[in-house]
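Dumped protein22.cif below, it's mmCIF, C-alpha atoms and all ligand atoms:
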data_run
#
loop_
_atom_site.label_atom_id
_atom_site.label_comp_id
_atom_site.auth_asym_id
_atom_site.auth_seq_id
_atom_site.Cartn_x
_atom_site.Cartn_y
_atom_site.Cartn_z
CA MET J 25 -23.13 11.90 20.70
CA TYR J 26 -21.56 9.15 18.54
CA THR J 27 -18.64 7.14 19.86
CA VAL J 28 -15.64 6.97 17.56
CA PHE J 29 -16.58 3.42 16.61
CA GLU J 30 -20.16 4.42 15.74
CA ALA J 31 -18.93 7.42 13.78
CA ILE J 32 -16.46 5.35 11.74
CA GLN J 33 -19.21 2.84 10.90
CA ALA J 34 -21.54 5.69 9.93
CA VAL J 35 -18.89 7.11 7.59
CA LEU J 36 -18.05 3.77 6.00
CA GLN J 37 -21.72 3.05 5.37
CA GLN J 38 -21.92 6.10 3.12
CA VAL J 39 -18.88 5.34 0.98
CA PRO J 40 -19.97 4.58 -2.60
CA VAL J 41 -18.46 1.72 -4.60
CA PRO J 42 -15.16 2.72 -6.16
CA GLN J 43 -15.17 3.94 -9.75
CA LYS J 44 -12.80 2.14 -12.06
CA GLU J 45 -10.37 3.06 -14.79
CA GLN J 46 -7.78 1.32 -16.94
CA VAL J 47 -4.19 2.42 -16.28
CA SER J 48 -0.92 1.46 -17.87
CA LEU J 49 1.46 -0.65 -15.85
CA LEU J 50 3.83 2.27 -15.35
CA GLN J 51 1.03 4.20 -13.59
CA ALA J 52 -0.15 1.21 -11.56
CA LEU J 53 2.02 1.36 -8.42
CA HIS J 54 -0.09 1.49 -5.20
CA ARG J 55 -3.31 1.34 -7.21
CA VAL J 56 -5.97 -1.20 -6.20
CA LEU J 57 -7.17 -3.88 -8.64
CA VAL J 58 -10.94 -3.99 -9.16
CA GLU J 59 -10.89 -7.29 -11.07
CA ASP J 60 -9.18 -10.63 -10.52
CA VAL J 61 -6.22 -11.18 -12.84
CA PHE J 62 -5.50 -14.63 -14.32
CA VAL J 63 -2.36 -16.06 -15.87
CA PRO J 64 -2.68 -15.62 -19.67
CA GLU J 65 0.17 -17.95 -20.76
CA GLU J 66 2.36 -20.81 -19.55
CA SER J 67 5.35 -19.72 -17.48
CA PRO J 68 7.99 -20.41 -18.40
CA ALA J 69 6.91 -20.79 -22.00
CA PHE J 70 9.86 -23.16 -22.65
CA PRO J 71 12.02 -25.42 -20.44
CA LYS J 72 14.60 -23.02 -19.10
CA ALA J 73 18.16 -23.49 -17.83
CA LEU J 74 18.55 -22.22 -14.27
CA MET J 75 22.35 -22.37 -14.27
CA ASP J 76 25.25 -21.85 -16.64
CA GLY J 77 26.46 -25.37 -17.44
CA PHE J 78 25.85 -28.40 -19.62
CA ALA J 79 22.49 -29.92 -20.62
CA VAL J 80 22.53 -33.69 -20.78
CA SER J 81 20.12 -36.12 -22.48
CA VAL J 82 17.76 -38.23 -20.38
CA THR J 83 19.42 -41.24 -22.04
CA THR J 84 22.79 -40.45 -20.42
CA GLY J 85 22.01 -42.46 -17.28
CA LEU J 86 20.31 -39.85 -15.13
CA VAL J 87 19.23 -40.83 -11.62
CA HIS J 88 16.49 -39.51 -9.40
CA ALA J 89 17.44 -37.13 -6.61
CA GLY J 90 18.68 -39.11 -3.59
CA GLN J 91 19.65 -42.17 -5.71
CA LEU J 92 23.25 -43.10 -6.38
CA SER J 93 24.46 -43.92 -9.85
CA GLU J 94 25.51 -47.59 -10.26
CA ASP J 95 28.49 -46.61 -12.35
CA SER J 96 31.18 -44.44 -10.71
CA GLU J 97 33.23 -43.83 -13.87
CA PRO J 98 33.07 -40.12 -14.94
CA LEU J 99 31.52 -39.49 -18.35
CA ARG J 100 33.36 -37.77 -21.17
CA LEU J 101 30.78 -36.09 -23.39
CA ARG J 102 31.19 -34.25 -26.67
CA VAL J 103 29.92 -30.66 -26.59
CA VAL J 104 27.79 -30.31 -29.73
CA GLU J 105 26.24 -26.86 -29.36
CA THR J 106 26.33 -23.71 -27.22
CA ILE J 107 23.03 -21.97 -26.44
CA VAL J 108 22.80 -18.54 -24.81
CA ALA J 109 19.62 -16.87 -23.52
CA GLY J 110 17.54 -15.59 -26.43
CA GLN J 111 18.59 -18.41 -28.78
CA VAL J 112 16.79 -21.67 -29.49
CA PRO J 113 18.49 -25.09 -29.53
CA HIS J 114 19.10 -26.77 -32.87
CA ARG J 115 20.43 -30.09 -31.62
CA GLU J 116 19.21 -32.77 -29.25
CA PRO J 117 22.31 -34.34 -27.74
CA ASN J 118 22.59 -38.14 -27.77
CA GLN J 119 23.76 -40.14 -24.76
CA ASN J 120 27.41 -39.33 -25.45
CA GLU J 121 26.88 -35.65 -26.05
CA ALA J 122 26.13 -32.50 -24.07
CA VAL J 123 25.03 -28.98 -24.91
CA ARG J 124 26.75 -26.00 -23.33
CA ILE J 125 23.98 -23.75 -22.05
CA MET J 126 23.66 -20.42 -20.25
CA THR J 127 21.12 -19.37 -17.60
CA GLY J 128 17.77 -18.45 -19.13
CA ALA J 129 18.35 -20.32 -22.41
CA PRO J 130 15.84 -22.94 -23.66
CA VAL J 131 16.94 -26.50 -22.85
CA PRO J 132 16.76 -29.00 -25.77
CA PRO J 133 13.55 -31.08 -25.46
CA ASN J 134 15.27 -34.40 -24.77
CA CYS J 135 17.49 -33.10 -21.94
CA GLY J 136 16.90 -34.16 -18.35
CA CYS J 137 19.26 -31.94 -16.39
CA VAL J 138 21.73 -29.08 -16.50
CA VAL J 139 25.00 -29.70 -14.67
CA PRO J 140 26.46 -26.42 -13.41
CA VAL J 141 29.80 -25.44 -14.96
CA GLU J 142 31.29 -25.31 -11.43
CA HIS J 143 30.74 -29.10 -11.09
CA VAL J 144 32.31 -30.32 -14.34
CA GLU J 145 35.77 -30.49 -15.85
CA PHE J 146 35.77 -28.17 -18.80
CA HIS J 147 38.59 -26.18 -20.37
CA GLU J 148 38.15 -23.32 -22.84
CA GLN J 149 41.29 -24.58 -24.68
CA ASP J 150 39.46 -27.84 -25.38
CA PRO J 151 35.83 -26.73 -25.73
CA GLU J 152 34.70 -29.87 -27.54
CA TRP J 153 34.74 -32.02 -24.43
CA VAL J 154 33.34 -31.98 -20.94
CA VAL J 155 33.87 -34.49 -18.13
CA ILE J 156 30.96 -34.95 -15.75
CA HIS J 157 30.76 -37.10 -12.60
CA ARG J 158 27.73 -39.35 -12.69
CA ASN J 159 26.47 -38.20 -9.28
CA GLN J 160 25.76 -34.82 -10.93
CA LEU J 161 23.27 -36.36 -13.35
CA VAL J 162 20.10 -35.83 -11.35
CA LEU J 163 16.84 -35.88 -13.26
CA GLY J 164 15.25 -32.42 -13.50
CA ALA J 165 18.16 -30.60 -11.85
CA ASN J 166 18.50 -26.92 -12.83
CA ILE J 167 15.73 -27.04 -15.43
CA LEU J 168 12.51 -25.09 -14.99
CA ALA J 169 9.94 -27.10 -16.95
CA THR J 170 7.37 -25.41 -19.20
CA GLY J 171 4.46 -24.23 -17.01
CA ALA J 172 6.34 -25.04 -13.77
CA ILE J 173 5.69 -21.53 -12.41
CA ALA J 174 2.14 -21.04 -13.70
CA HIS J 175 -0.41 -22.45 -16.10
CA VAL J 176 -2.85 -20.55 -18.32
CA GLY J 177 -5.89 -19.64 -16.22
CA ASP J 178 -4.20 -19.90 -12.81
CA PRO J 179 -5.24 -17.05 -10.46
CA LEU J 180 -2.50 -14.39 -10.41
CA MET J 181 -3.88 -11.48 -8.33
CA LYS J 182 -7.19 -10.91 -6.62
CA ALA J 183 -9.44 -7.86 -6.88
CA GLY J 184 -8.59 -5.62 -3.91
CA THR J 185 -4.84 -6.17 -4.25
CA GLN J 186 -2.86 -2.97 -3.78
CA LEU J 187 -0.05 -3.18 -6.29
CA GLN J 188 3.50 -3.30 -4.97
CA PRO J 189 6.58 -3.13 -7.21
CA SER J 190 6.67 -6.96 -7.35
CA HIS J 191 3.07 -7.03 -8.62
CA VAL J 192 4.02 -4.59 -11.37
CA GLY J 193 6.94 -6.84 -12.32
CA ALA J 194 4.79 -9.98 -12.38
CA LEU J 195 2.15 -8.29 -14.55
CA ALA J 196 4.89 -7.22 -16.97
CA GLU J 197 6.29 -10.77 -17.02
CA PHE J 198 2.94 -12.04 -18.25
CA GLY J 199 2.52 -9.27 -20.81
CA ILE J 200 -0.36 -7.58 -18.95
CA SER J 201 0.39 -3.98 -19.89
CA SER J 202 -2.63 -2.28 -18.35
CA VAL J 203 -4.89 -3.06 -15.40
CA SER J 204 -8.36 -2.15 -14.22
CA VAL J 205 -8.02 -0.24 -10.94
CA SER J 206 -10.16 1.97 -8.74
CA LYS J 207 -9.99 5.69 -9.52
CA ARG J 208 -7.93 7.76 -7.10
CA PRO J 209 -10.41 9.80 -5.03
CA ARG J 210 -10.29 13.58 -5.58
CA VAL J 211 -10.35 15.35 -2.23
CA ALA J 212 -11.12 19.08 -2.07
CA VAL J 213 -9.87 21.02 0.95
CA LEU J 214 -11.44 24.30 2.04
CA ALA J 215 -10.00 26.08 5.06
CA THR J 216 -12.34 28.45 6.85
CA GLY J 217 -11.63 31.36 9.18
CA ASN J 218 -11.36 35.14 9.03
CA GLU J 219 -8.08 34.86 10.93
CA LEU J 220 -6.28 32.68 8.36
CA VAL J 221 -3.61 33.80 5.91
CA HIS J 222 -1.64 31.73 3.37
CA PHE J 223 1.28 29.99 5.08
CA SER J 224 3.78 31.98 2.98
CA ARG J 225 2.53 35.28 4.41
CA GLN J 226 3.21 37.23 7.56
CA PRO J 227 -0.04 37.22 9.56
CA GLY J 228 -1.44 40.60 10.57
CA ALA J 229 -2.65 41.42 14.09
CA GLY J 230 -4.78 38.60 15.52
CA CYS J 231 -4.24 36.36 12.48
CA ILE J 232 -2.49 33.01 11.99
CA ARG J 233 -1.16 30.95 9.08
CA ASN J 234 -3.33 28.29 7.47
CA SER J 235 -1.43 25.18 8.53
CA ASN J 236 -4.29 22.71 8.18
CA GLN J 237 -4.54 22.93 4.42
CA PRO J 238 -0.97 21.88 3.54
CA MET J 239 -1.09 19.26 6.31
CA LEU J 240 -4.31 17.77 4.94
CA ALA J 241 -2.92 17.88 1.40
CA ALA J 242 0.02 15.83 2.66
CA GLN J 243 -2.26 13.35 4.44
CA ILE J 244 -4.38 13.01 1.30
CA GLN J 245 -1.27 12.26 -0.74
CA THR J 246 -0.23 9.51 1.66
CA ALA J 247 -3.66 7.95 1.09
CA ASN J 248 -2.96 7.85 -2.69
CA ALA J 249 -5.75 10.34 -3.27
CA ILE J 250 -5.59 13.63 -5.21
CA PRO J 251 -5.78 16.86 -3.17
CA GLN J 252 -7.53 19.90 -4.66
CA LEU J 253 -6.81 22.96 -2.54
CA LEU J 254 -9.61 25.53 -2.53
CA GLY J 255 -7.89 28.18 -0.45
CA ILE J 256 -9.43 30.00 2.51
CA ALA J 257 -13.10 30.92 2.94
CA LYS J 258 -14.09 33.77 5.23
CA ASP J 259 -16.58 33.10 8.02
CA SER J 260 -19.40 34.53 5.94
CA ALA J 261 -22.33 32.87 4.21
CA GLU J 262 -21.29 34.14 0.74
CA SER J 263 -17.65 33.07 1.02
CA LEU J 264 -18.53 29.62 2.43
CA LYS J 265 -21.22 29.11 -0.17
CA ALA J 266 -18.79 29.70 -3.05
CA GLY J 267 -16.12 27.42 -1.56
CA ILE J 268 -18.58 24.66 -0.74
CA SER J 269 -20.16 24.66 -4.17
CA ALA J 270 -16.70 24.28 -5.78
CA GLY J 271 -15.77 21.54 -3.31
CA LEU J 272 -18.88 19.42 -3.82
CA ARG J 273 -17.65 18.50 -7.31
CA ALA J 274 -14.91 16.36 -5.70
CA ASP J 275 -15.42 12.84 -4.30
CA VAL J 276 -14.66 14.09 -0.80
CA LEU J 277 -14.81 17.63 0.56
CA LEU J 278 -12.84 18.47 3.69
CA LEU J 279 -13.52 21.75 5.46
CA THR J 280 -11.54 22.83 8.48
CA GLY J 281 -12.87 25.11 11.17
CA GLY J 282 -16.27 26.63 11.73
CA VAL J 283 -18.00 23.52 13.10
CA SER J 284 -17.92 24.35 16.83
CA ALA J 285 -20.23 26.54 18.90
CA GLY J 286 -18.80 30.00 18.08
CA ILE J 287 -20.96 32.78 16.67
CA LEU J 288 -19.09 32.54 13.34
CA ASP J 289 -19.17 28.73 13.11
CA LEU J 290 -21.42 28.74 10.05
CA VAL J 291 -20.16 25.61 8.29
CA PRO J 292 -22.92 23.10 9.27
CA GLN J 293 -25.64 25.58 8.31
CA GLN J 294 -24.02 26.41 4.95
CA LEU J 295 -23.43 22.73 4.16
CA GLU J 296 -27.08 21.91 4.77
CA MET J 297 -28.11 24.88 2.60
CA ALA J 298 -25.92 23.46 -0.17
CA GLY J 299 -27.87 20.20 -0.03
CA VAL J 300 -25.49 18.18 2.15
CA THR J 301 -27.37 15.84 4.50
CA GLN J 302 -25.90 15.71 7.99
CA ILE J 303 -25.10 12.19 9.23
CA PHE J 304 -23.61 13.25 12.57
CA HIS J 305 -22.22 16.27 14.37
CA GLY J 306 -19.98 15.68 17.37
CA VAL J 307 -17.98 12.60 18.39
CA LEU J 308 -16.98 11.49 21.87
CA MET J 309 -13.24 11.96 21.51
CA LYS J 310 -10.37 14.25 22.37
CA PRO J 311 -9.21 15.97 20.27
CA GLY J 312 -11.85 16.24 17.54
CA LYS J 313 -15.18 16.48 19.35
CA PRO J 314 -16.85 19.00 16.96
CA LEU J 315 -16.42 16.77 13.86
CA TRP J 316 -19.29 17.08 11.35
CA PHE J 317 -20.02 14.53 8.63
CA GLY J 318 -22.57 14.50 5.84
CA ILE J 319 -23.22 13.38 2.30
CA ARG J 320 -24.48 15.00 -0.86
CA LYS J 321 -25.93 12.93 -3.69
CA ASP J 322 -26.51 14.81 -6.89
CA ARG J 323 -27.52 12.95 -10.07
CA GLY J 324 -25.28 9.95 -9.49
CA HIS J 325 -22.40 11.99 -8.07
CA VAL J 326 -21.73 11.34 -4.39
CA CYS J 327 -19.62 13.69 -2.27
CA LEU J 328 -18.65 12.78 1.29
CA VAL J 329 -18.29 15.95 3.35
CA PHE J 330 -16.22 16.23 6.52
CA GLY J 331 -16.30 19.39 8.62
CA LEU J 332 -13.04 18.93 10.52
CA PRO J 333 -12.47 20.97 13.67
CA GLY J 334 -10.09 23.89 13.07
CA ASN J 335 -7.59 23.08 15.79
CA PRO J 336 -4.70 21.49 13.92
CA VAL J 337 -4.25 18.36 16.08
CA SER J 338 -8.01 17.75 15.93
CA SER J 339 -7.93 18.06 12.18
CA LEU J 340 -4.93 15.70 11.96
CA ALA J 341 -6.54 13.08 14.24
CA CYS J 342 -9.96 13.25 12.58
CA PHE J 343 -8.38 12.69 9.18
CA GLU J 344 -6.59 9.57 10.43
CA LEU J 345 -9.63 8.16 12.24
CA PHE J 346 -12.41 8.93 9.76
CA VAL J 347 -11.17 10.31 6.43
CA ARG J 348 -8.39 7.81 5.83
CA PRO J 349 -10.69 4.74 6.22
CA ALA J 350 -13.20 6.39 3.89
CA LEU J 351 -10.47 7.01 1.30
CA ARG J 352 -9.26 3.43 1.67
CA ARG J 353 -12.78 2.13 1.09
CA LEU J 354 -13.23 4.53 -1.85
CA SER J 355 -10.04 3.07 -3.29
CA GLY J 356 -11.28 -0.52 -2.98
CA LEU J 357 -9.32 -1.39 0.17
CA PRO J 358 -10.73 -2.58 3.51
CA GLY J 359 -11.75 0.54 5.47
CA GLU J 360 -9.93 0.27 8.74
CA SER J 361 -6.53 -1.15 9.51
CA VAL J 362 -6.05 -1.70 13.25
CA PHE J 363 -2.68 -1.90 15.00
CA HIS J 364 -1.76 -2.59 18.59
CA ALA J 365 1.28 -1.56 20.58
CA THR J 366 2.73 -1.98 24.05
CA LEU J 367 2.94 1.15 26.21
CA THR J 368 6.52 1.81 27.27
CA GLU J 369 5.67 3.78 30.40
CA PRO J 370 2.77 4.39 32.81
CA PHE J 371 0.29 6.99 31.61
CA GLN J 372 -3.03 8.44 32.69
CA VAL J 373 -5.60 10.52 30.84
CA TRP J 374 -8.30 12.66 32.39
CA GLY J 375 -11.80 13.82 31.56
CA HIS J 376 -14.69 11.79 30.14
CA ARG J 377 -13.69 11.46 26.48
CA PRO J 378 -11.36 8.83 24.95
CA VAL J 379 -8.02 10.50 24.23
CA TYR J 380 -6.06 10.06 21.00
CA GLN J 381 -2.62 10.69 22.44
CA PRO J 382 0.41 11.47 20.22
CA VAL J 383 3.01 8.71 20.67
CA VAL J 384 6.32 7.57 19.25
CA LEU J 385 5.84 4.15 17.68
CA SER J 386 8.87 1.90 17.37
CA GLN J 387 9.64 -1.77 16.87
CA LYS J 388 11.53 -4.02 19.25
CA CYS J 389 11.93 -7.73 18.45
CA GLY J 390 8.73 -7.81 16.44
CA THR J 391 6.67 -5.90 19.02
CA MET J 392 5.35 -2.42 18.36
CA LEU J 393 6.02 -0.02 21.24
CA ALA J 394 4.19 3.24 21.98
CA ARG J 395 5.81 6.04 24.00
CA PRO J 396 3.50 8.97 24.78
CA VAL J 397 4.98 12.41 24.04
CA PRO J 398 4.23 15.52 26.08
CA TRP J 399 1.32 17.34 24.47
CA SER J 400 -0.65 20.26 25.84
CA ASN J 401 -3.85 20.58 23.76
CA SER J 402 -5.43 20.32 20.34
CA SER J 403 -3.71 23.46 19.04
CA ASP J 404 -0.28 22.05 19.96
CA LEU J 405 0.82 20.90 16.52
CA LYS J 406 4.46 21.37 17.46
CA ALA J 407 4.24 18.45 19.91
CA THR J 408 3.18 16.17 17.07
CA VAL J 409 6.50 16.59 15.30
CA ASN J 410 8.00 14.49 18.10
CA ALA J 411 5.43 11.74 17.49
CA ASN J 412 4.70 9.38 14.58
CA GLY J 413 1.30 8.10 15.58
CA MET J 414 -1.43 8.22 18.17
CA ALA J 415 -2.74 5.82 20.79
CA LEU J 416 -6.25 5.46 22.18
CA LEU J 417 -6.28 5.92 25.96
CA GLU J 418 -9.57 5.81 27.86
CA PRO J 419 -10.11 7.82 31.06
CA GLU J 420 -12.40 5.20 32.63
CA HIS J 421 -9.60 2.63 32.32
CA GLY J 422 -7.76 4.50 35.12
CA PRO J 423 -3.95 4.67 35.18
CA TYR J 424 -2.25 2.69 32.40
CA GLY J 425 0.80 0.66 33.39
CA ALA J 426 3.93 0.14 31.28
CA GLY J 427 3.45 -3.02 29.19
CA GLU J 428 -0.29 -2.59 28.60
CA CYS J 429 -1.61 -3.13 25.10
CA VAL J 430 -3.23 -0.14 23.37
CA THR J 431 -4.75 0.49 19.93
CA VAL J 432 -2.59 2.76 17.81
CA TRP J 433 -2.75 4.62 14.48
CA PRO J 434 0.59 5.11 12.80
CA TRP J 435 0.80 8.41 10.94
CA ASN J 436 2.12 8.10 7.41
P1 LIG J 501 -12.62 26.80 14.73
O1 LIG J 501 -12.85 25.31 14.64
O2 LIG J 501 -12.90 27.50 13.46
O3 LIG J 501 -13.32 27.35 15.90
O4 LIG J 501 -11.07 26.96 14.99
C1 LIG J 501 -10.48 26.43 16.15
C2 LIG J 501 -9.06 26.91 16.26
O5 LIG J 501 -8.32 26.38 15.18
C3 LIG J 501 -8.90 28.38 16.19
O6 LIG J 501 -7.88 28.78 17.08
C4 LIG J 501 -8.50 28.65 14.78
O7 LIG J 501 -7.76 29.84 14.60
C5 LIG J 501 -7.67 27.43 14.46
N1 LIG J 501 -7.70 27.13 13.05
C6 LIG J 501 -8.82 27.05 12.28
N2 LIG J 501 -8.48 26.76 11.02
C7 LIG J 501 -7.15 26.65 10.99
C8 LIG J 501 -6.22 26.36 9.95
N3 LIG J 501 -6.62 26.13 8.70
N4 LIG J 501 -4.91 26.31 10.24
C9 LIG J 501 -4.50 26.54 11.53
N5 LIG J 501 -5.33 26.80 12.53
C10 LIG J 501 -6.63 26.87 12.28
MG MG J 502 -13.11 29.38 12.77
#

Could you write out this file's structure as structure tokens?
Amino acid sequence: MYTVFEAIQAVLQQVPVPQKEQVSLLQALHRVLVEDVFVPEESPAFPKALMDGFAVSVTTGLVHAGQLSEDSEPLRLRVVETIVAGQVPHREPNQNEAVRIMTGAPVPPNCGCVVPVEHVEFHEQDPEWVVIHRNQLVLGANILATGAIAHVGDPLMKAGTQLQPSHVGALAEFGISSVSVSKRPRVAVLATGNELVHFSRQPGAGCIRNSNQPMLAAQIQTANAIPQLLGIAKDSAESLKAGISAGLRADVLLLTGGVSAGILDLVPQQLEMAGVTQIFHGVLMKPGKPLWFGIRKDRGHVCLVFGLPGNPVSSLACFELFVRPALRRLSGLPGESVFHATLTEPFQVWGHRPVYQPVVLSQKCGTMLARPVPWSNSSDLKATVNANGMALLEPEHGPYGAGECVTVWPWN
């Protein structure tokens, strides 16, 4: 039987390269770039005032930062123009002149600094004059030179970047209105089981609600993929066959239930009959041992197929451990993201399989903490509402002490 590590590697090996599409900037949040993006124009495109104040010519006796001016007499300069953002300057002030300028406005080409209005003597009643102390005349102060932020051809974002709001803003700043990103994977979900009814219905005798399907749809959404819910298949060859053939059109097909050793666990057999090649069946873990994984390639279309165990906590854990990395890879991201946390209390697990234990993850002074929550078995979904992640605890490790470091998977 595969270990979890072996099974994850086996899954990732089968993931095809992401498909790409061009999307507008307003659709680009959380999408993953498939191409490097370069700066298309100088930024800023003109020397820009960083403060509201007065632009002064380089001939007005500017000093370098840290130097003191030889002359201590304040300067009285004539204000020859006012420039607000969106305008262009028409005058270059001489050594006895200044230009009143607002933040974001283009600085006249011959100016060497902008002195903030807070540091000058200026009165609206006498707007033709400004008095400036010479120690304010520092070369380059409060001017962002042309190209100071970026030059044409500079790297802006690398392929593989997942776009955050700030990326979207930066792309807009440079006039890049659409980007080439990986396609969001389409993930079909087929629940299986004669006992299942839609979650909105009252189950009849011996039946239960289908909780896995909405839970998986939610997990798929947190992975920025597109869920396609295929309803419930009965534990019969005909019903499974129809559901599977619809599901294989997606990039990923998730089935829940029907992969264990029961007399109606027909999923592996029906998948193989539909042309899905089994990669593994069974993983050394708790919960989730019956997990089935295979792949179907049909004329260029690849579908990754996961037969998730029906027990809800198994299904939840298997998605996080195996499906999420596959979806990340399909989206152009690195497959796995590994986190570690410090156990807050002693804990021991039993048996011979590694346990993926529901925990509460929290932060304290930059350290992630993991507190195990009481949990009875893989059907105990209610216990998971008190948790926000899971921790790997190995029986052969023996008793864990408080303060030990464990690998954890935050749930989204
Ligand atoms: P199975 O893997 O089909 O043997 O199912 C294992 C257990 O999970 C059984 O108790 C099922 O009733 C339950 N189960 C299977 N599918 C679902 C589902 N979609 N939602 C909730 N429970 C399920
Ligand atoms: Mg079943």

Closest of J:Gly312, J:Val103, J:Glu197, J:Ala165 to Pro151 (chain J) - atom-to-atom distances counting only C-alpha atoms: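 So, comparing all the options, the nearest one is J:Val103.
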
Point-to-point distance from CA of Phe70 (chain J) to CA of Ile173 (chain J), Å rounded to tenths: 11.2 Å

9 Å contact set for Thr280 (chain J), only C-alpha atoms, chain neighbours under 4 positions out, as a list of chain:residue names: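 The residues that qualify are J:Val213, J:Leu214, J:Ala215, J:Thr216, J:Gly217, J:Asn236, J:Gln237, J:Phe330, J:Gly331, J:Leu332, J:Pro333, J:Gly334, J:Asn335, J:Pro336, J:Ser339.
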
List every residue of region 46-92 of chain J that has an atom at most 12 Å from any atom of region 107-116 of chain J, and for each one report the closest atom pair and its distance in Å to one decimal, counting only C-alpha atoms, with rows sorted by chain and then by increasing residue number, as CSV.
residue,atom,partner,partner_atom,distance
J:Phe70,CA,J:Val112,CA,9.9
J:Pro71,CA,J:Val112,CA,10.9
J:Lys72,CA,J:Ala109,CA,9.1
J:Ala73,CA,J:Ala109,CA,8.9
J:Leu74,CA,J:Ala109,CA,10.7
J:Met75,CA,J:Ala109,CA,11.1
J:Asp76,CA,J:Val108,CA,9.1
J:Gly77,CA,J:Ile107,CA,10.2
J:Phe78,CA,J:Ile107,CA,9.8
J:Ala79,CA,J:Glu116,CA,9.7
J:Val80,CA,J:Glu116,CA,9.1
J:Ser81,CA,J:Glu116,CA,7.6
J:Val82,CA,J:Glu116,CA,10.5
J:Thr83,CA,J:Glu116,CA,11.1

Selection within 10 Å of ligand LIG 501 (chain J) by only C-alpha atoms and all ligand atoms, output as a PyMOL selection string: chain J and resi 213-223+230-240+255-257+259+279-291+312+314-315+331-339+402-403+405

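Taking all atoms listed in the file into account, ligand MG 502 (chain J) lies nearest to J:Lys258 out of the set J:Lys258, J:His157, J:Arg273, J:Arg323.
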
d(CA of Pro349 (chain J), CA of Pro292 (chain J)) in Å: 22.3 Å

Selected residue of minimal separation from Val155 (chain J) among J:Thr391, J:Gln186, J:Ser400, J:Asn120, counting only C-alpha atoms: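 Of all the options, J:Asn120 lies closest to Val155 (chain J).
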
Between CA of Gln243 (chain J) and CA of Arg348 (chain J), distance in Å (one decimal):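 CA of Arg348 (chain J) lies at a distance of 8.4 Å from CA of Gln243 (chain J).
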
Test item: residues at most 10 Å from Trp399 (chain J), only C-alpha atoms, excluding those fewer than 5 positions along its chain, as number ranges by chain: J: 381-383, 404-408, 410-411

Keeping C-alpha atoms for every residue in the selection just given, could you write it to a file as a CSV table (one decimal), keeping the file's coordinate frame?
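As written to disk, again.csv reads:
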chain,number,residue,atom,x,y,z
J,381,GLN,CA,-2.6,10.7,22.4
J,382,PRO,CA,0.4,11.5,20.2
J,383,VAL,CA,3.0,8.7,20.7
J,404,ASP,CA,-0.3,22.0,20.0
J,405,LEU,CA,0.8,20.9,16.5
J,406,LYS,CA,4.5,21.4,17.5
J,407,ALA,CA,4.2,18.4,19.9
J,408,THR,CA,3.2,16.2,17.1
J,410,ASN,CA,8.0,14.5,18.1
J,411,ALA,CA,5.4,11.7,17.5

Non-local contacts of His191 (chain J) (12 Å; all atoms listed in the file; under 4 positions in same chain excluded) as JSON, numbers by chain: {"J": [49, 50, 52, 53, 54, 55, 56, 57, 61, 180, 181, 182, 185, 186, 187, 195, 196, 197, 198, 200, 201, 203]}
